[in-house]
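File shown: upload-v3.cif. Contents: mmCIF, C-alpha atoms.
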data_start
#
loop_
_atom_site.group_PDB
_atom_site.id
_atom_site.type_symbol
_atom_site.label_atom_id
_atom_site.label_comp_id
_atom_site.auth_asym_id
_atom_site.auth_seq_id
_atom_site.Cartn_x
_atom_site.Cartn_y
_atom_site.Cartn_z
ATOM 1 C CA MET A 187 3.086 14.429 -8.425
ATOM 2 C CA ALA A 188 1.330 13.290 -11.604
ATOM 3 C CA THR A 189 -1.064 10.370 -11.238
ATOM 4 C CA GLY A 190 -1.395 9.454 -14.922
ATOM 5 C CA TYR A 191 0.560 6.221 -14.496
ATOM 6 C CA TRP A 192 -2.155 4.882 -12.153
ATOM 7 C CA GLU A 193 -5.356 6.807 -12.900
ATOM 8 C CA ARG A 194 -8.052 4.638 -14.512
ATOM 9 C CA ALA A 195 -11.573 5.359 -15.758
ATOM 10 C CA GLY A 196 -14.328 2.834 -15.048
ATOM 11 C CA LEU A 197 -12.305 1.073 -12.374
ATOM 12 C CA GLU A 198 -15.204 0.039 -10.130
ATOM 13 C CA ARG A 199 -17.035 -1.532 -13.063
ATOM 14 C CA ALA A 200 -13.883 -3.320 -14.234
ATOM 15 C CA ILE A 201 -13.349 -4.811 -10.757
ATOM 16 C CA LEU A 202 -16.969 -5.907 -10.375
ATOM 17 C CA ASP A 203 -17.085 -7.423 -13.851
ATOM 18 C CA ALA A 204 -13.870 -9.350 -13.192
ATOM 19 C CA LEU A 205 -15.198 -10.665 -9.883
ATOM 20 C CA ALA A 206 -18.531 -11.650 -11.449
ATOM 21 C CA SER A 207 -16.677 -13.534 -14.172
ATOM 22 C CA ALA A 208 -14.805 -15.379 -11.410
ATOM 23 C CA GLY A 209 -18.139 -16.503 -9.948
ATOM 24 C CA LYS A 210 -18.391 -14.063 -7.050
ATOM 25 C CA ASN A 211 -21.833 -12.920 -5.868
ATOM 26 C CA LEU A 212 -21.688 -9.129 -6.226
ATOM 27 C CA ASP A 213 -24.593 -8.710 -3.805
ATOM 28 C CA ALA A 214 -22.810 -10.596 -1.018
ATOM 29 C CA LEU A 215 -19.135 -9.725 -1.410
ATOM 30 C CA THR A 216 -16.736 -10.233 1.484
ATOM 31 C CA ILE A 217 -13.279 -8.790 2.060
ATOM 32 C CA GLU A 218 -11.878 -12.194 1.069
ATOM 33 C CA ASP A 219 -13.791 -12.083 -2.232
ATOM 34 C CA LEU A 220 -12.433 -8.609 -2.930
ATOM 35 C CA ALA A 221 -8.878 -9.220 -1.738
ATOM 36 C CA PRO A 222 -7.257 -10.127 -5.075
ATOM 37 C CA ALA A 223 -8.820 -7.039 -6.670
ATOM 38 C CA ASP A 224 -8.411 -4.398 -3.980
ATOM 39 C CA HIS A 225 -4.974 -5.051 -2.420
ATOM 40 C CA PHE A 226 -2.831 -3.226 -4.969
ATOM 41 C CA HIS A 227 0.553 -3.705 -3.301
ATOM 42 C CA GLY A 228 3.299 -6.286 -3.017
ATOM 43 C CA GLY A 229 2.153 -9.542 -1.448
ATOM 44 C CA GLY A 230 -1.563 -8.757 -1.527
ATOM 45 C CA LYS A 231 -3.729 -9.552 1.482
ATOM 46 C CA LYS A 232 -1.177 -12.052 2.790
ATOM 47 C CA ALA A 233 1.259 -9.164 3.253
ATOM 48 C CA THR A 234 -1.447 -7.013 4.845
ATOM 49 C CA ASP A 235 -2.250 -9.772 7.326
ATOM 50 C CA ARG A 236 1.420 -10.195 8.195
ATOM 51 C CA LEU A 237 1.820 -6.462 8.769
ATOM 52 C CA ALA A 238 -1.325 -6.366 10.909
ATOM 53 C CA ARG A 239 0.112 -9.084 13.142
ATOM 54 C CA MET A 240 3.277 -7.020 13.558
ATOM 55 C CA ALA A 241 1.147 -4.000 14.481
ATOM 56 C CA GLN A 242 -0.736 -5.822 17.282
ATOM 57 C CA LEU A 243 -3.852 -3.787 16.589
ATOM 58 C CA ALA A 244 -6.469 -3.101 19.235
ATOM 59 C CA PRO A 245 -10.188 -2.560 18.546
ATOM 60 C CA ALA A 246 -11.239 1.065 17.938
ATOM 61 C CA THR A 247 -7.712 2.083 16.894
ATOM 62 C CA ARG A 248 -7.897 5.281 14.827
ATOM 63 C CA VAL A 249 -5.896 4.573 11.676
ATOM 64 C CA LEU A 250 -4.794 6.894 8.875
ATOM 65 C CA ASP A 251 -4.016 4.777 5.809
ATOM 66 C CA VAL A 252 -1.716 6.911 3.658
ATOM 67 C CA GLY A 253 -1.705 5.908 0.008
ATOM 68 C CA GLY A 254 -4.427 3.376 0.766
ATOM 69 C CA GLY A 255 -5.569 3.109 -2.839
ATOM 70 C CA LEU A 256 -8.647 0.945 -3.376
ATOM 71 C CA GLY A 257 -9.076 0.373 0.357
ATOM 72 C CA GLY A 258 -8.402 -3.343 0.654
ATOM 73 C CA PRO A 259 -6.097 -3.012 3.675
ATOM 74 C CA ALA A 260 -8.419 -0.470 5.315
ATOM 75 C CA ARG A 261 -11.428 -2.763 5.026
ATOM 76 C CA THR A 262 -9.314 -5.633 6.365
ATOM 77 C CA LEU A 263 -8.314 -3.587 9.417
ATOM 78 C CA ALA A 264 -11.934 -2.596 10.006
ATOM 79 C CA VAL A 265 -13.448 -6.074 9.664
ATOM 80 C CA GLU A 266 -10.735 -8.256 11.162
ATOM 81 C CA HIS A 267 -9.326 -5.903 13.815
ATOM 82 C CA GLY A 268 -12.148 -3.464 14.663
ATOM 83 C CA CYS A 269 -10.238 -0.354 13.574
ATOM 84 C CA HIS A 270 -11.701 2.935 12.331
ATOM 85 C CA VAL A 271 -9.771 3.862 9.202
ATOM 86 C CA THR A 272 -9.417 6.994 7.091
ATOM 87 C CA VAL A 273 -7.877 6.303 3.684
ATOM 88 C CA VAL A 274 -5.983 9.097 1.922
ATOM 89 C CA ASP A 275 -4.801 8.656 -1.659
ATOM 90 C CA LEU A 276 -3.746 11.017 -4.435
ATOM 91 C CA THR A 277 -5.411 9.052 -7.248
ATOM 92 C CA GLU A 278 -9.055 10.071 -7.443
ATOM 93 C CA SER A 279 -10.282 7.008 -9.346
ATOM 94 C CA TYR A 280 -8.905 4.783 -6.583
ATOM 95 C CA VAL A 281 -10.581 6.855 -3.885
ATOM 96 C CA ARG A 282 -13.978 6.870 -5.605
ATOM 97 C CA THR A 283 -13.748 3.150 -6.370
ATOM 98 C CA GLY A 284 -12.648 2.382 -2.819
ATOM 99 C CA GLU A 285 -15.530 4.428 -1.436
ATOM 100 C CA ALA A 286 -18.023 2.513 -3.593
ATOM 101 C CA LEU A 287 -16.593 -0.873 -2.589
ATOM 102 C CA THR A 288 -16.661 0.105 1.089
ATOM 103 C CA ALA A 289 -20.328 1.098 0.755
ATOM 104 C CA ARG A 290 -21.115 -2.171 -1.061
ATOM 105 C CA LEU A 291 -19.726 -4.092 1.927
ATOM 106 C CA GLY A 292 -21.624 -1.936 4.430
ATOM 107 C CA LEU A 293 -18.473 -0.546 6.014
ATOM 108 C CA SER A 294 -18.902 3.205 5.460
ATOM 109 C CA ASP A 295 -19.310 3.771 9.194
ATOM 110 C CA ARG A 296 -15.832 2.362 9.804
ATOM 111 C CA VAL A 297 -13.845 3.277 6.676
ATOM 112 C CA ALA A 298 -13.714 6.727 5.058
ATOM 113 C CA HIS A 299 -11.964 7.638 1.798
ATOM 114 C CA ARG A 300 -10.387 11.000 0.963
ATOM 115 C CA VAL A 301 -8.403 12.419 -1.946
ATOM 116 C CA GLY A 302 -5.234 13.823 -0.431
ATOM 117 C CA ASP A 303 -1.486 14.318 -0.645
ATOM 118 C CA ALA A 304 0.818 12.370 1.669
ATOM 119 C CA LEU A 305 3.033 15.464 1.941
ATOM 120 C CA ALA A 306 0.145 17.714 2.988
ATOM 121 C CA LEU A 307 -2.058 15.602 5.224
ATOM 122 C CA ASP A 308 -5.327 17.392 5.942
ATOM 123 C CA ALA A 309 -5.775 16.158 9.500
ATOM 124 C CA PRO A 310 -5.486 17.822 12.905
ATOM 125 C CA ALA A 311 -2.376 17.257 14.960
ATOM 126 C CA ALA A 312 -2.392 14.168 17.191
ATOM 127 C CA SER A 313 -5.673 12.920 15.681
ATOM 128 C CA PHE A 314 -4.656 9.309 14.946
ATOM 129 C CA ASP A 315 -3.310 6.374 16.923
ATOM 130 C CA LEU A 316 -1.607 4.776 13.954
ATOM 131 C CA VAL A 317 -0.417 5.647 10.452
ATOM 132 C CA TRP A 318 -0.591 2.660 8.111
ATOM 133 C CA THR A 319 1.160 2.754 4.746
ATOM 134 C CA GLN A 320 1.807 -0.049 2.253
ATOM 135 C CA ASN A 321 3.899 0.606 -0.854
ATOM 136 C CA SER A 322 3.096 4.317 -0.963
ATOM 137 C CA GLY A 323 6.321 6.259 -0.402
ATOM 138 C CA MET A 324 8.294 5.169 -3.449
ATOM 139 C CA ASN A 325 7.220 8.160 -5.553
ATOM 140 C CA ILE A 326 8.028 10.691 -2.834
ATOM 141 C CA ALA A 327 11.484 12.227 -2.859
ATOM 142 C CA ASP A 328 11.188 14.230 0.364
ATOM 143 C CA LYS A 329 11.250 11.464 2.968
ATOM 144 C CA ALA A 330 11.970 13.906 5.795
ATOM 145 C CA ARG A 331 8.789 15.860 5.075
ATOM 146 C CA LEU A 332 6.784 12.663 4.678
ATOM 147 C CA TYR A 333 7.741 11.283 8.086
ATOM 148 C CA ALA A 334 7.453 14.659 9.782
ATOM 149 C CA GLY A 335 3.855 14.742 8.549
ATOM 150 C CA PHE A 336 3.222 11.305 9.974
ATOM 151 C CA ALA A 337 4.612 12.424 13.327
ATOM 152 C CA ARG A 338 2.378 15.513 13.334
ATOM 153 C CA VAL A 339 -0.912 13.610 12.921
ATOM 154 C CA LEU A 340 -0.033 10.917 15.473
ATOM 155 C CA ARG A 341 -0.846 11.161 19.147
ATOM 156 C CA PRO A 342 2.063 10.783 21.612
ATOM 157 C CA GLY A 343 3.031 7.134 21.623
ATOM 158 C CA GLY A 344 1.384 6.558 18.252
ATOM 159 C CA ARG A 345 2.869 4.253 15.652
ATOM 160 C CA VAL A 346 3.692 4.081 11.967
ATOM 161 C CA VAL A 347 3.162 0.635 10.479
ATOM 162 C CA LEU A 348 4.639 0.313 7.007
ATOM 163 C CA GLN A 349 5.534 -1.866 4.080
ATOM 164 C CA GLU A 350 7.947 -0.246 1.672
ATOM 165 C CA PRO A 351 10.171 -1.221 -1.250
ATOM 166 C CA MET A 352 13.670 0.114 -0.672
ATOM 167 C CA ALA A 353 16.910 0.237 -2.630
ATOM 168 C CA GLY A 354 18.890 -2.983 -2.499
ATOM 169 C CA PRO A 355 22.685 -3.313 -2.535
ATOM 170 C CA VAL A 356 22.758 -3.635 -6.347
ATOM 171 C CA GLN A 357 21.727 -0.636 -8.429
ATOM 172 C CA PRO A 358 20.164 0.684 -10.583
ATOM 173 C CA VAL A 359 16.565 -0.525 -10.421
ATOM 174 C CA MET A 360 15.216 -2.135 -13.585
ATOM 175 C CA PHE A 361 12.109 -0.405 -14.976
ATOM 176 C CA PRO A 362 9.172 -0.389 -15.392
ATOM 177 C CA VAL A 363 7.992 -1.186 -11.883
ATOM 178 C CA MET A 364 4.478 -1.155 -10.473
ATOM 179 C CA TRP A 365 4.824 2.450 -9.287
ATOM 180 C CA ALA A 366 6.872 4.070 -12.052
ATOM 181 C CA ARG A 367 7.713 3.706 -15.736
ATOM 182 C CA ASP A 368 11.231 5.096 -15.176
ATOM 183 C CA GLY A 369 13.532 6.650 -12.608
ATOM 184 C CA ALA A 370 12.070 10.133 -12.952
ATOM 185 C CA SER A 371 9.274 9.298 -10.506
ATOM 186 C CA SER A 372 10.860 6.590 -8.357
ATOM 187 C CA PHE A 373 12.748 7.547 -5.198
ATOM 188 C CA LEU A 374 13.990 4.470 -3.377
ATOM 189 C CA HIS A 375 16.430 4.885 -0.499
ATOM 190 C CA THR A 376 18.444 2.165 1.193
ATOM 191 C CA PRO A 377 17.043 0.662 4.408
ATOM 192 C CA GLU A 378 19.807 2.426 6.355
ATOM 193 C CA ALA A 379 18.902 5.811 4.868
ATOM 194 C CA MET A 380 15.209 5.215 5.496
ATOM 195 C CA ARG A 381 15.793 4.345 9.144
ATOM 196 C CA SER A 382 17.835 7.519 9.544
ATOM 197 C CA ALA A 383 15.012 9.624 8.066
ATOM 198 C CA MET A 384 12.468 7.980 10.346
ATOM 199 C CA GLU A 385 14.571 8.465 13.450
ATOM 200 C CA ALA A 386 15.253 12.086 12.535
ATOM 201 C CA ALA A 387 11.477 12.647 12.415
ATOM 202 C CA GLY A 388 11.148 11.432 16.006
ATOM 203 C CA PHE A 389 10.459 7.721 15.602
ATOM 204 C CA THR A 390 12.021 4.708 17.286
ATOM 205 C CA VAL A 391 12.138 1.513 15.261
ATOM 206 C CA ARG A 392 10.346 -1.253 17.165
ATOM 207 C CA ALA A 393 10.309 -3.906 14.419
ATOM 208 C CA TRP A 394 12.119 -4.143 11.094
ATOM 209 C CA ASP A 395 11.729 -7.207 8.854
ATOM 210 C CA ASP A 396 13.111 -7.867 5.396
ATOM 211 C CA VAL A 397 10.190 -9.682 3.731
ATOM 212 C CA THR A 398 11.530 -9.603 0.164
ATOM 213 C CA MET A 399 11.262 -13.350 -0.326
ATOM 214 C CA ASP A 400 8.277 -13.880 1.987
ATOM 215 C CA ILE A 401 5.920 -11.818 -0.165
ATOM 216 C CA ALA A 402 7.509 -12.308 -3.569
ATOM 217 C CA GLY A 403 5.266 -11.557 -6.515
ATOM 218 C CA PRO A 404 4.255 -13.904 -9.336
ATOM 219 C CA SER A 405 6.937 -15.417 -11.524
ATOM 220 C CA SER A 406 4.946 -14.763 -14.697
ATOM 221 C CA VAL A 407 1.878 -12.879 -15.881
ATOM 222 C CA ALA A 408 0.201 -16.229 -16.529
ATOM 223 C CA ASP A 409 0.132 -16.768 -12.747
ATOM 224 C CA ILE A 410 -1.957 -13.607 -12.203
ATOM 225 C CA PRO A 411 -5.739 -14.172 -12.393
ATOM 226 C CA PRO A 412 -7.936 -11.760 -14.396
ATOM 227 C CA TYR A 413 -9.576 -10.417 -11.223
ATOM 228 C CA ASN A 414 -6.234 -9.378 -9.682
ATOM 229 C CA ALA A 415 -5.703 -5.639 -9.109
ATOM 230 C CA GLN A 416 -2.350 -5.650 -10.879
ATOM 231 C CA ARG A 417 -3.872 -7.053 -14.062
ATOM 232 C CA ILE A 418 -6.973 -4.838 -13.912
ATOM 233 C CA ILE A 419 -4.987 -1.633 -13.372
ATOM 234 C CA MET A 420 -1.743 -2.186 -15.289
ATOM 235 C CA GLY A 421 -3.196 -4.097 -18.251
ATOM 236 C CA ASP A 422 -0.769 -4.605 -21.133
ATOM 237 C CA ARG A 423 2.092 -3.083 -19.139
ATOM 238 C CA LEU A 424 2.048 -5.944 -16.680
ATOM 239 C CA THR A 425 4.297 -8.308 -18.656
ATOM 240 C CA ASP A 426 7.217 -5.874 -18.680
ATOM 241 C CA ILE A 427 6.600 -4.980 -15.032
ATOM 242 C CA VAL A 428 6.629 -8.590 -13.854
ATOM 243 C CA GLN A 429 9.807 -9.341 -15.820
ATOM 244 C CA ALA A 430 11.565 -6.331 -14.291
ATOM 245 C CA GLN A 431 10.217 -7.263 -10.865
ATOM 246 C CA GLN A 432 11.787 -10.699 -11.103
ATOM 247 C CA ARG A 433 15.205 -9.225 -11.941
ATOM 248 C CA ASN A 434 14.979 -6.570 -9.235
ATOM 249 C CA ARG A 435 14.284 -9.190 -6.597
ATOM 250 C CA ALA A 436 16.708 -11.865 -7.834
ATOM 251 C CA GLU A 437 19.556 -9.387 -8.321
ATOM 252 C CA LYS A 438 18.867 -7.596 -4.996
ATOM 253 C CA ARG A 439 18.088 -4.277 -6.646
ATOM 254 C CA ILE A 440 14.943 -3.852 -4.530
ATOM 255 C CA VAL A 441 14.212 -5.154 -1.037
ATOM 256 C CA MET A 442 10.841 -5.115 0.715
ATOM 257 C CA ILE A 443 10.672 -4.012 4.343
ATOM 258 C CA GLN A 444 7.871 -4.226 6.889
ATOM 259 C CA ALA A 445 8.366 -2.150 10.025
ATOM 260 C CA VAL A 446 6.729 -0.687 13.106
ATOM 261 C CA LEU A 447 7.846 2.728 14.357
ATOM 262 C CA LEU A 448 6.977 4.377 17.663
ATOM 263 C CA LYS A 449 6.543 8.131 17.964
ATOM 264 C CA THR A 450 8.830 9.165 20.820
#
Would you mind writing the file's structure down as structure tokens?
Amino acid sequence: MATGYWERAGLERAILDALASAGKNLDALTIEDLAPADHFHGGGKKATDRLARMAQLAPATRVLDVGGGLGGPARTLAVEHGCHVTVVDLTESYVRTGEALTARLGLSDRVAHRVGDALALDAPAASFDLVWTQNSGMNIADKARLYAGFARVLRPGGRVVLQEPMAGPVQPVMFPVMWARDGASSFLHTPEAMRSAMEAAGFTVRAWDDVTMDIAGPSSVADIPPYNAQRIIMGDRLTDIVQAQQRNRAEKRIVMIQAVLLKT
């Protein structure tokens, strides 16, 4: 899968400069300071916190964050819930930036960052307690292979905790969206089809919430501060994306689901 739609040069510097301009002390950053700039997914840290409550995380949980991007959720799980997290993402600039931000916060002993493919996870079988994934499967057509890979790396009784845009009852999706400029690289399935793929891979659905309205995005670009990840990464494309996002939500073309799955 090509990463040109997301890959960015100088991303760490852009984030730090934006935070400094917002009055943040770069030598004493916290996960709350970073949150607007490093949670590059629908709903930001608020959505991460909601998903973490659904997950009922225990300290020392071994987490694989698939498509974890800049590492905002991973650092949140480490600091607020005591987890040990490995982040895997296909976009190298995100991984390197996430690694640098993790080091800046002194969390490298609890959060690791790796360049990797969600369809070819480089991890031993049964090596994680939990797979965490927020807004990362939309560009992957082969859902069966994706969830089979999650099942392989989880221990017996392990869980998948996810947030995922899915196809709503009205189609087609309006583009561009945050993850794709057009339909050639966007593969949304209906919630019913997604549940079937998950169950076929050996998972039982333990929780399934439609959070489309709960974590709705901004109504206009003017509402997005300059230190927000969406503005830093998407730049001039953001206006068209936000306009399409509003239609997709209002017209029920896209729904957002948070769920917890148990490996059976």
Report as an MDAnalysis selection string the full result of the PyMOL selection byres ((chain A and resi 412-415) around 8) when it is applied to this structure.
-> chainID A and resid 201 204:205 208 222:226 410:411 416:419
Identify, on the basis of all atoms listed in the file, every residue whose closest approach to segment 270-281 of chain A does not exceed 10 Å; exclude the query and any residue fewer than 2 positions from it along the same chain; express the result as an NGL selection string.
-> :A and (187-198 or 224 or 245-257 or 259-265 or 267-268 or 283-287 or 293-304 or 307-308 or 314 or 316-319 or 322)
So which residues touch segment 436-447 of chain A within 6 Å, counting all atoms listed in the file, skipping near sequence neighbours fewer than 4 positions away, as a list in words?
-> Arg345, Val346, Val347, Leu348, Gln349, Glu350, Pro351, Met352, Ala353, Gly354, Val356, Gln357, Val359, Phe389, Thr390, Val391, Arg392, Ala393, Trp394, Asp395, Asp396, Val397 and Thr398 of chain A
Carefully work through the PyMOL selection byres ((chain A and resi 363-380) around 8) for this structure and note down the residues it includes, as a count of residues only.
-> 25
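The gap separating atom CA of Cys269 of chain A from atom CA of Arg239 of chain A is 13.5 Å, in Å to one decimal.
Straight-line separation from atom CA of Ser313 of chain A to atom CA of Ala233 of chain A: 26.3 Å.
Distance cut-off 6 Å, centre (0.2, -10.1, -18.5), atoms counted all atoms listed in the file; the residues meeting this are Val407, Leu424 and Thr425 of chain A.
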Please produce a file of those selected residues containing C-alpha atoms, as a CSV table (one decimal), in the coordinates of the input.
chain,number,residue,atom,x,y,z
A,407,VAL,CA,1.9,-12.9,-15.9
A,424,LEU,CA,2.0,-5.9,-16.7
A,425,THR,CA,4.3,-8.3,-18.7
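Between Ala337 of chain A and the residues A:Ser207, A:Asn321, A:Thr450, A:Thr216, the shortest atom-to-atom distance, using only C-alpha atoms, involves A:Thr450.
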Edge lengths and centre in Å to one decimal, as JSON, is what I'm after for the box along x, y and z that holds all listed atoms of segment 242-252 of chain A once 4 Å is added on each side.
{"center_x": -6.0, "center_y": 0.5, "center_z": 11.4, "size_x": 18.5, "size_y": 20.7, "size_z": 23.6}
May I ask for the distance between atom CA of Ala330 of chain A and atom CA of Ala387 of chain A, given in Å to one decimal place?
-> 6.8 Å
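Each of A:Ala309, A:Met399, A:Leu340, A:Ala408 was checked against Lys449 of chain A using only C-alpha atoms; the smallest atom-to-atom distance is that of A:Leu340.
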